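Colleague: The file below is data.txt, compact mmCIF, C-alpha atoms and all ligand atoms:
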```txt
# COMPACT_ATOMS: atom_id res chain seq x y z
CA MET K 1 155.07 146.09 134.05
CA LYS K 2 155.22 144.78 130.53
CA LYS K 3 154.28 141.15 130.15
CA THR K 4 156.20 139.20 127.53
CA ILE K 5 154.77 136.07 125.93
CA ARG K 6 156.88 133.91 123.64
CA LEU K 7 155.34 132.75 120.37
CA THR K 8 156.23 129.17 121.29
CA GLU K 9 154.22 129.56 124.52
CA LEU K 10 151.26 130.99 122.64
CA LYS K 11 151.37 128.05 120.20
CA ALA K 12 151.53 125.55 123.06
CA VAL K 13 148.58 127.19 124.84
CA VAL K 14 146.44 127.24 121.68
CA LYS K 15 147.19 123.55 121.13
CA GLN K 16 146.38 122.71 124.76
CA ALA K 17 143.13 124.70 124.56
CA TYR K 18 142.15 122.78 121.45
CA GLU K 19 142.96 119.39 122.96
CA GLN K 20 141.20 120.14 126.26
CA VAL K 21 138.04 121.51 124.69
CA LYS K 22 137.59 119.30 121.64
CA ASN K 23 135.71 116.57 123.50
CA LEU K 24 133.66 118.95 125.64
CA LYS K 25 129.98 118.05 125.58
CA GLY K 26 126.98 120.30 125.97
CA GLY K 27 124.92 122.75 123.97
CA LYS K 28 123.08 122.21 120.73
CA ASN K 29 123.09 123.68 117.24
CA ALA K 30 120.75 126.61 116.64
CA ASP K 31 117.58 125.12 115.18
CA TYR K 32 115.35 128.16 114.65
CA ILE K 33 117.25 128.61 111.36
CA PRO K 34 116.85 125.18 109.68
CA PHE K 35 120.20 125.34 107.84
CA LEU K 36 122.18 125.69 111.08
CA ALA K 37 120.57 122.64 112.65
CA LYS K 38 122.17 120.44 109.96
CA ILE K 39 125.82 121.50 110.46
CA ASN K 40 128.16 118.81 111.85
CA PRO K 41 128.23 119.54 115.62
CA ASP K 42 131.73 118.08 116.02
CA LEU K 43 133.47 120.75 113.94
CA PHE K 44 135.82 122.82 116.07
CA GLY K 45 138.53 125.36 115.25
CA LEU K 46 140.61 127.89 117.18
CA ALA K 47 142.89 130.59 115.75
CA VAL K 48 144.90 133.53 117.04
CA CYS K 49 146.15 136.27 114.69
CA LEU K 50 149.01 138.58 115.65
CA PRO K 51 149.54 142.15 114.39
CA ASP K 52 152.43 140.98 112.18
CA GLY K 53 150.05 138.63 110.33
CA GLU K 54 151.20 135.38 112.00
CA ILE K 55 148.30 132.99 112.56
CA VAL K 56 148.36 130.22 115.14
CA ALA K 57 145.60 127.74 114.31
CA GLU K 58 144.27 124.37 115.48
CA GLY K 59 141.42 122.24 114.16
CA ASP K 60 138.83 123.10 111.53
CA THR K 61 139.94 126.68 110.96
CA GLU K 62 139.38 126.54 107.17
CA TYR K 63 135.78 125.31 107.45
CA VAL K 64 133.31 127.87 106.07
CA PHE K 65 130.34 128.53 108.38
CA GLY K 66 127.63 131.19 108.80
CA ILE K 67 129.08 134.36 110.31
CA GLU K 68 125.64 135.35 111.68
CA SER K 69 125.74 138.01 114.40
CA ILE K 70 129.48 138.48 114.32
CA SER K 71 128.76 140.43 111.11
CA LYS K 72 127.09 143.03 113.31
CA VAL K 73 130.57 144.15 114.34
CA HIS K 74 131.62 144.55 110.71
CA THR K 75 128.63 146.71 109.83
CA ALA K 76 128.95 148.70 113.07
CA ILE K 77 132.49 149.52 111.96
CA LEU K 78 131.19 150.57 108.56
CA ILE K 79 128.65 153.03 109.93
CA LEU K 80 131.12 154.31 112.53
CA GLN K 81 133.45 155.02 109.62
CA GLN K 82 130.68 156.62 107.52
CA TYR K 83 128.95 158.67 110.24
CA GLY K 84 131.39 158.96 113.18
CA ALA K 85 131.08 157.78 116.78
CA GLU K 86 128.75 160.51 118.04
CA ALA K 87 126.16 160.12 115.25
CA VAL K 88 126.02 156.34 115.79
CA LEU K 89 125.43 156.94 119.50
CA GLN K 90 122.56 159.32 118.71
CA LYS K 91 120.93 157.29 115.93
CA ILE K 92 121.30 153.77 117.37
CA GLY K 93 122.96 153.86 120.79
CA ALA K 94 125.72 151.93 122.56
CA ASP K 95 123.85 150.44 125.48
CA ALA K 96 123.68 146.84 126.61
CA THR K 97 120.14 145.50 126.58
CA GLY K 98 120.64 142.62 129.03
CA LEU K 99 118.07 140.79 126.92
CA PRO K 100 118.19 138.18 124.13
CA PHE K 101 119.61 139.18 120.73
CA ASN K 102 116.23 139.37 119.02
CA SER K 103 114.31 141.07 121.81
CA ILE K 104 111.34 143.24 120.93
CA LEU K 105 110.86 144.07 124.60
CA ALA K 106 114.31 145.72 124.62
CA ILE K 107 113.16 148.18 121.94
CA LEU K 108 110.04 149.07 123.94
CA MET K 109 111.95 149.33 127.23
CA GLU K 110 114.64 151.58 125.75
CA ASN K 111 111.99 154.11 124.74
CA ASP K 112 112.09 153.27 121.04
CA HIS K 113 115.88 153.09 120.89
CA PRO K 114 117.58 150.17 119.10
CA SER K 115 120.22 150.27 121.94
CA THR K 116 123.36 149.11 120.12
CA PRO K 117 124.36 147.98 116.63
CA LEU K 118 125.29 144.59 118.12
CA VAL K 119 121.73 143.34 118.73
CA ASN K 120 119.27 142.53 115.94
CA ALA K 121 117.33 145.81 116.24
CA GLY K 122 120.45 147.98 116.14
CA ALA K 123 122.00 145.90 113.38
CA ILE K 124 118.95 146.27 111.12
CA SER K 125 118.99 149.99 111.88
CA ALA K 126 122.74 150.04 111.07
CA ASP K 127 122.13 148.42 107.70
CA SER K 128 119.50 151.06 106.95
CA LEU K 129 122.15 153.73 107.62
CA VAL K 130 124.77 152.31 105.24
CA ARG K 131 125.46 154.76 102.44
CA PRO K 132 124.44 155.12 99.65
CA ILE K 133 120.88 155.41 100.96
CA GLY K 134 118.16 154.01 98.71
CA ASP K 135 120.29 151.67 96.59
CA SER K 136 120.20 148.09 97.82
CA ASN K 137 122.84 146.72 95.44
CA ALA K 138 125.28 149.53 96.09
CA LYS K 139 124.74 149.20 99.85
CA TRP K 140 125.35 145.47 99.66
CA ASN K 141 128.62 145.97 97.76
CA VAL K 142 129.83 148.38 100.44
CA ILE K 143 128.85 145.95 103.24
CA ALA K 144 130.47 142.93 101.56
CA ASP K 145 133.64 144.88 100.65
CA ASN K 146 133.97 146.06 104.24
CA MET K 147 133.64 142.48 105.51
CA ALA K 148 136.33 141.35 103.05
CA ASP K 149 138.62 144.23 104.07
CA LEU K 150 138.30 143.30 107.73
CA CYS K 151 138.74 139.56 107.13
CA GLY K 152 141.60 139.98 104.67
CA SER K 153 139.83 138.07 101.88
CA GLU K 154 136.38 137.79 100.31
CA LEU K 155 133.51 136.01 102.02
CA THR K 156 130.96 134.11 100.01
CA LEU K 157 127.25 134.14 100.57
CA LEU K 158 125.89 130.78 101.76
CA ASP K 159 122.82 130.75 99.53
CA GLU K 160 121.10 127.97 101.41
CA LEU K 161 121.53 129.77 104.73
CA TYR K 162 120.29 133.05 103.23
CA LYS K 163 117.22 131.28 101.87
CA SER K 164 116.63 129.38 105.10
CA GLU K 165 116.88 132.52 107.20
CA SER K 166 114.83 134.70 104.81
CA GLU K 167 111.99 132.17 104.94
CA THR K 168 111.90 132.06 108.74
CA ASN K 169 112.86 135.55 109.99
CA PHE K 170 109.40 136.63 111.14
CA ASN K 171 110.65 138.03 114.43
CA ASN K 172 113.21 140.19 112.64
CA ARG K 173 110.52 141.46 110.28
CA SER K 174 108.54 142.64 113.32
CA ILE K 175 111.66 144.38 114.65
CA ALA K 176 112.21 146.20 111.36
CA TRP K 177 108.63 147.48 111.23
CA LEU K 178 108.60 148.43 114.91
CA LEU K 179 111.79 150.45 114.41
CA LYS K 180 110.26 152.07 111.34
CA ASN K 181 107.35 153.12 113.53
CA TYR K 182 109.82 154.82 115.89
CA ASN K 183 111.80 156.52 113.07
CA ARG K 184 114.85 154.39 113.77
CA ILE K 185 115.08 152.95 110.27
CA TYR K 186 116.84 155.32 107.94
CA ASP K 187 116.07 153.63 104.61
CA ASP K 188 113.49 151.14 103.37
CA PRO K 189 112.81 148.74 106.31
CA MET K 190 112.52 145.55 104.26
CA MET K 191 115.67 146.46 102.33
CA ALA K 192 117.50 146.95 105.63
CA LEU K 193 116.21 143.61 106.88
CA ASP K 194 117.30 141.86 103.69
CA LEU K 195 120.79 143.37 103.90
CA TYR K 196 121.01 142.25 107.53
CA THR K 197 119.89 138.72 106.64
CA ARG K 198 122.39 138.58 103.79
CA GLN K 199 125.33 139.75 105.90
CA CYS K 200 124.44 137.13 108.55
CA SER K 201 124.45 134.48 105.80
CA MET K 202 128.00 135.16 104.70
CA GLY K 203 130.34 132.19 104.98
CA VAL K 204 133.50 132.76 106.98
CA THR K 205 136.37 130.67 108.34
CA THR K 206 137.79 130.79 111.86
CA LYS K 207 141.05 132.11 110.38
CA GLN K 208 139.26 134.96 108.60
CA LEU K 209 137.51 135.88 111.84
CA ALA K 210 140.81 135.87 113.71
CA ILE K 211 142.21 138.24 111.06
CA ALA K 212 139.15 140.53 111.41
CA ALA K 213 139.55 140.48 115.20
CA CYS K 214 143.22 141.36 114.84
CA THR K 215 142.38 144.18 112.41
CA ILE K 216 140.31 145.67 115.22
CA ALA K 217 143.06 144.97 117.80
CA ASN K 218 145.53 146.59 115.40
CA ARG K 219 143.52 149.86 115.26
CA GLY K 220 142.04 149.21 111.84
CA LYS K 221 145.14 148.03 109.99
CA ASN K 222 144.60 144.57 108.56
CA PRO K 223 147.61 142.48 109.66
CA VAL K 224 147.57 140.38 106.50
CA SER K 225 146.71 142.83 103.70
CA GLY K 226 148.23 145.88 105.38
CA LYS K 227 145.14 147.92 104.46
CA GLN K 228 143.92 150.57 106.94
CA VAL K 229 140.25 149.53 107.05
CA PHE K 230 138.91 152.07 109.55
CA THR K 231 140.13 155.20 111.32
CA ALA K 232 142.43 154.12 114.16
CA SER K 233 140.70 156.27 116.78
CA LEU K 234 137.46 154.25 116.36
CA MET K 235 138.99 151.13 117.93
CA PRO K 236 137.90 151.89 121.52
CA ASN K 237 134.33 152.53 120.35
CA ILE K 238 134.23 149.19 118.57
CA VAL K 239 135.79 147.26 121.44
CA SER K 240 133.48 148.91 123.97
CA LEU K 241 130.43 147.81 121.97
CA MET K 242 131.75 144.24 121.98
CA ALA K 243 132.55 144.38 125.70
CA SER K 244 129.09 145.65 126.63
CA VAL K 245 126.82 143.37 124.60
CA GLY K 246 128.86 140.82 122.61
CA PHE K 247 127.35 137.87 124.48
CA TYR K 248 123.84 139.30 124.81
CA GLU K 249 122.36 138.59 128.25
CA HIS K 250 125.51 136.70 129.26
CA THR K 251 127.93 139.50 128.44
CA GLY K 252 128.75 140.39 132.05
CA ASP K 253 129.50 136.79 132.93
CA TRP K 254 131.67 136.48 129.82
CA VAL K 255 133.89 139.54 130.30
CA TYR K 256 134.14 138.83 134.02
CA SER K 257 135.40 135.32 133.47
CA SER K 258 137.37 135.65 130.20
CA GLY K 259 138.75 139.20 130.36
CA ILE K 260 138.33 139.68 126.60
CA PRO K 261 135.68 141.66 124.67
CA ALA K 262 134.18 139.30 122.10
CA LYS K 263 131.22 138.83 119.78
CA THR K 264 129.31 135.63 119.15
CA GLY K 265 127.09 134.34 116.37
CA VAL K 266 124.49 131.58 116.33
CA GLY K 267 126.50 129.86 113.58
CA GLY K 268 128.89 128.85 116.39
CA GLY K 269 131.61 131.46 115.90
CA VAL K 270 133.14 133.80 118.46
CA MET K 271 135.69 136.54 117.77
CA GLY K 272 137.62 138.28 120.56
CA VAL K 273 139.84 141.36 120.60
CA LEU K 274 142.73 142.08 122.92
CA PRO K 275 143.62 145.65 121.86
CA GLY K 276 147.16 146.02 120.60
CA VAL K 277 147.97 142.35 121.24
CA PHE K 278 145.95 139.88 119.17
CA GLY K 279 142.67 138.80 117.66
CA ILE K 280 141.27 135.39 118.51
CA ALA K 281 138.44 133.35 116.99
CA ALA K 282 136.87 129.99 117.65
CA PHE K 283 134.09 128.00 116.05
CA ALA K 284 131.94 125.03 117.12
CA PRO K 285 128.21 124.82 116.35
CA PRO K 286 126.60 123.65 119.65
CA LEU K 287 125.30 126.69 121.59
CA ASP K 288 124.27 127.38 125.17
CA GLU K 289 120.79 128.68 125.95
CA ALA K 290 121.77 132.30 125.18
CA GLY K 291 122.99 131.33 121.70
CA ASN K 292 126.74 131.30 122.37
CA SER K 293 129.06 128.46 121.29
CA VAL K 294 129.95 126.26 124.25
CA LYS K 295 133.33 125.10 122.92
CA ALA K 296 134.35 128.46 121.46
CA GLN K 297 133.76 130.12 124.82
CA ALA K 298 135.71 127.44 126.68
CA ALA K 299 138.63 127.55 124.22
CA ILE K 300 139.01 131.34 124.25
CA GLN K 301 138.67 131.44 128.00
CA PHE K 302 141.37 128.77 128.32
CA VAL K 303 143.76 130.84 126.19
CA THR K 304 143.24 134.14 128.04
CA ARG K 305 143.55 132.46 131.45
CA GLU K 306 146.63 130.41 130.59
CA LEU K 307 148.38 133.42 129.07
CA GLY K 308 147.26 135.63 131.94
CA VAL K 309 145.92 138.34 129.62
CA ASN K 310 142.89 140.39 130.62
CA VAL K 311 141.67 143.66 129.16
CA PHE K 312 140.60 144.81 132.63
CA ASP K 313 144.06 144.15 133.99
CA GLY K 314 145.79 146.42 131.46
CA VAL K 315 146.98 145.16 128.10
CA ASN K 316 150.64 145.81 128.46
CA VAL K 317 151.55 142.62 126.67
CA GLU K 318 154.06 141.90 123.94
CA ILE K 319 154.36 138.66 122.06
CA VAL K 320 157.96 138.07 121.02
CA LYS K 321 159.52 135.59 118.66
N1 LIG L 401 120.76 136.04 111.81
C1 LIG L 401 120.51 135.66 113.19
C2 LIG L 401 119.21 136.27 113.64
O1 LIG L 401 118.91 137.36 113.28
C3 LIG L 401 121.66 136.11 114.02
C4 LIG L 401 121.52 135.80 115.48
C5 LIG L 401 122.83 135.64 116.20
O2 LIG L 401 123.82 135.20 115.61
O3 LIG L 401 122.87 135.94 117.40
O4 LIG L 401 118.46 135.63 114.32
```
I need this file expressed as structure tokens, please.
Modeller:
Amino acid sequence: MKKTIRLTELKAVVKQAYEQVKNLKGGKNADYIPFLAKINPDLFGLAVCLPDGEIVAEGDTEYVFGIESISKVHTAILILQQYGAEAVLQKIGADATGLPFNSILAILMENDHPSTPLVNAGAISADSLVRPIGDSNAKWNVIADNMADLCGSELTLLDELYKSESETNFNNRSIAWLLKNYNRIYDDPMMALDLYTRQCSMGVTTKQLAIAACTIANRGKNPVSGKQVFTASLMPNIVSLMASVGFYEHTGDWVYSSGIPAKTGVGGGVMGVLPGVFGIAAFAPPLDEAGNSVKAQAAIQFVTRELGVNVFDGVNVEIVK
């Protein structure tokens, strides 16, 4: 049976979610990247974007924060578009690691495989794959343009975050060299690492993330610009990557309790995709021990539960005005 949700109901639920969650305590800002430790922990925004471009937003949805690992989805889309789904499966993989985002053990346990473009190893490998091979500036332009196409407007590099992360990313350097050793880096390893660090340091707003999430939900057609950003048939591949590893070692708990494939970042953002229905994003800096925003999780979960939408329950939902 088709479920119909009125726009007024959606607006009321988003408002309620915001009000309920805004005073929620718990978690702390990421501090292994010095820049992130300094962000105001009380910032909080929640936005839903519909396929017709309507955005329902509450709170600090225009605040620009570090996109961090959510950018892994953007670059995964780029290499899926450049190489196709099968080649990405062969070169990187699409498997959940069940381990932290920056795990070296996961690479060793997966017999040299980076597992999925949505963990650090796979994301660095993905950046190495971005065409044109061998040209850092040209690769960066392609990565940044793709992020802008998905988000509906340009993102700007947060120089201080980029510097902060570049000066402290020793674990990621080890990952890049380990992958090089296993022939899983397809360009210069330090160039790939730098591109990865730069994409993580892009500044984004909650609204832009909701638009990117809706572009995915809308099979690649950006709801605001109207641009077809990726081939429509890639949507299930993208959403399945998010569903399997978007919350790292907490992914099972997340999809079980929220019913929506989503991707987090240590900057405090989360973006979720309900295929064909909407994109949702939330942002609040304090994170749980797995690196996922406490308030963003609670807010998105509130919305999916109140609306009764769940990707595992069929997505036969229409939002009407
Ligand atoms: N740039 C961060 C890192 O590589 C991203 C981590 C995350 O957002 O999960 O550590």
Colleague: Of the residues K:Thr231, K:Ser164, K:Thr197, K:Gln297, which is the one nearest to Gln82 (chain K), using only C-alpha atoms?
Modeller: K:Thr231
Colleague: In terms of the shortest atom-to-atom distance over only C-alpha atoms, which of K:Val245, K:Phe65, K:Glu167, K:Gln199 is closest to Thr116 (chain K)?
Modeller: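 Using only C-alpha atoms, the shortest distance to Thr116 (chain K) belongs to K:Val245.
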Colleague: Around (126.8, 148.7, 99.9) in the file's frame, which residues reach within 12 Å when counting only C-alpha atoms? Return as a CSV table (one decimal) with C-alpha atoms, in the coordinates of the input?
Modeller:
```csv
chain,number,residue,atom,x,y,z
K,75,THR,CA,128.6,146.7,109.8
K,78,LEU,CA,131.2,150.6,108.6
K,79,ILE,CA,128.6,153.0,109.9
K,82,GLN,CA,130.7,156.6,107.5
K,126,ALA,CA,122.7,150.0,111.1
K,127,ASP,CA,122.1,148.4,107.7
K,128,SER,CA,119.5,151.1,107.0
K,129,LEU,CA,122.2,153.7,107.6
K,130,VAL,CA,124.8,152.3,105.2
K,131,ARG,CA,125.5,154.8,102.4
K,132,PRO,CA,124.4,155.1,99.6
K,133,ILE,CA,120.9,155.4,101.0
K,134,GLY,CA,118.2,154.0,98.7
K,135,ASP,CA,120.3,151.7,96.6
K,136,SER,CA,120.2,148.1,97.8
K,137,ASN,CA,122.8,146.7,95.4
K,138,ALA,CA,125.3,149.5,96.1
K,139,LYS,CA,124.7,149.2,99.8
K,140,TRP,CA,125.4,145.5,99.7
K,141,ASN,CA,128.6,146.0,97.8
K,142,VAL,CA,129.8,148.4,100.4
K,143,ILE,CA,128.8,146.0,103.2
K,144,ALA,CA,130.5,142.9,101.6
K,145,ASP,CA,133.6,144.9,100.6
K,146,ASN,CA,134.0,146.1,104.2
K,147,MET,CA,133.6,142.5,105.5
K,191,MET,CA,115.7,146.5,102.3
K,192,ALA,CA,117.5,147.0,105.6
K,195,LEU,CA,120.8,143.4,103.9
K,196,TYR,CA,121.0,142.2,107.5
K,198,ARG,CA,122.4,138.6,103.8
K,199,GLN,CA,125.3,139.8,105.9
```
Colleague: Take every atom of ligand LIG 401 (chain L) listed in the file, fit an axis-aligned box around them, add 6 Å per side, and give the centre and edge lengths in Å to one decimal as lines of an AutoDock Vina configuration file.
Modeller:
```
center_x = 121.1
center_y = 136.3
center_z = 114.6
size_x = 17.4
size_y = 14.2
size_z = 17.6
```
Colleague: Measuring between all atoms listed in the file, which one of K:Ser125, K:Ser115, K:Asn218, K:Ser103 shows the shortest distance to Asp52 (chain K)?
Modeller: K:Asn218
Colleague: Residues contacting ligand LIG 401 (chain L) - anything with an atom at most 6 Å away, using only C-alpha atoms and all ligand atoms - can you give me those as a list in words?
Modeller: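 Within the 6 Å cut-off, the matching residues are Glu68, Ser69, Phe101, Asn120, Thr197, Cys200, Gly265 and Val266 of chain K.
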Colleague: For each of K:His113, K:Lys295, K:Arg305, K:Lys321, take the minimum atom-to-atom distance to Leu24 (chain K), counting all atoms listed in the file, then give the residue where this is smallest.
Modeller: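 Among the listed residues, the smallest separation from Leu24 (chain K) belongs to K:Lys295.
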Colleague: Taking all atoms listed in the file into account, name the residue in K:Gly203, K:Gly252, K:Pro114, K:Pro189 that is nearest to Gly268 (chain K).
Modeller: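 So, comparing all the options, the nearest one is K:Gly203.
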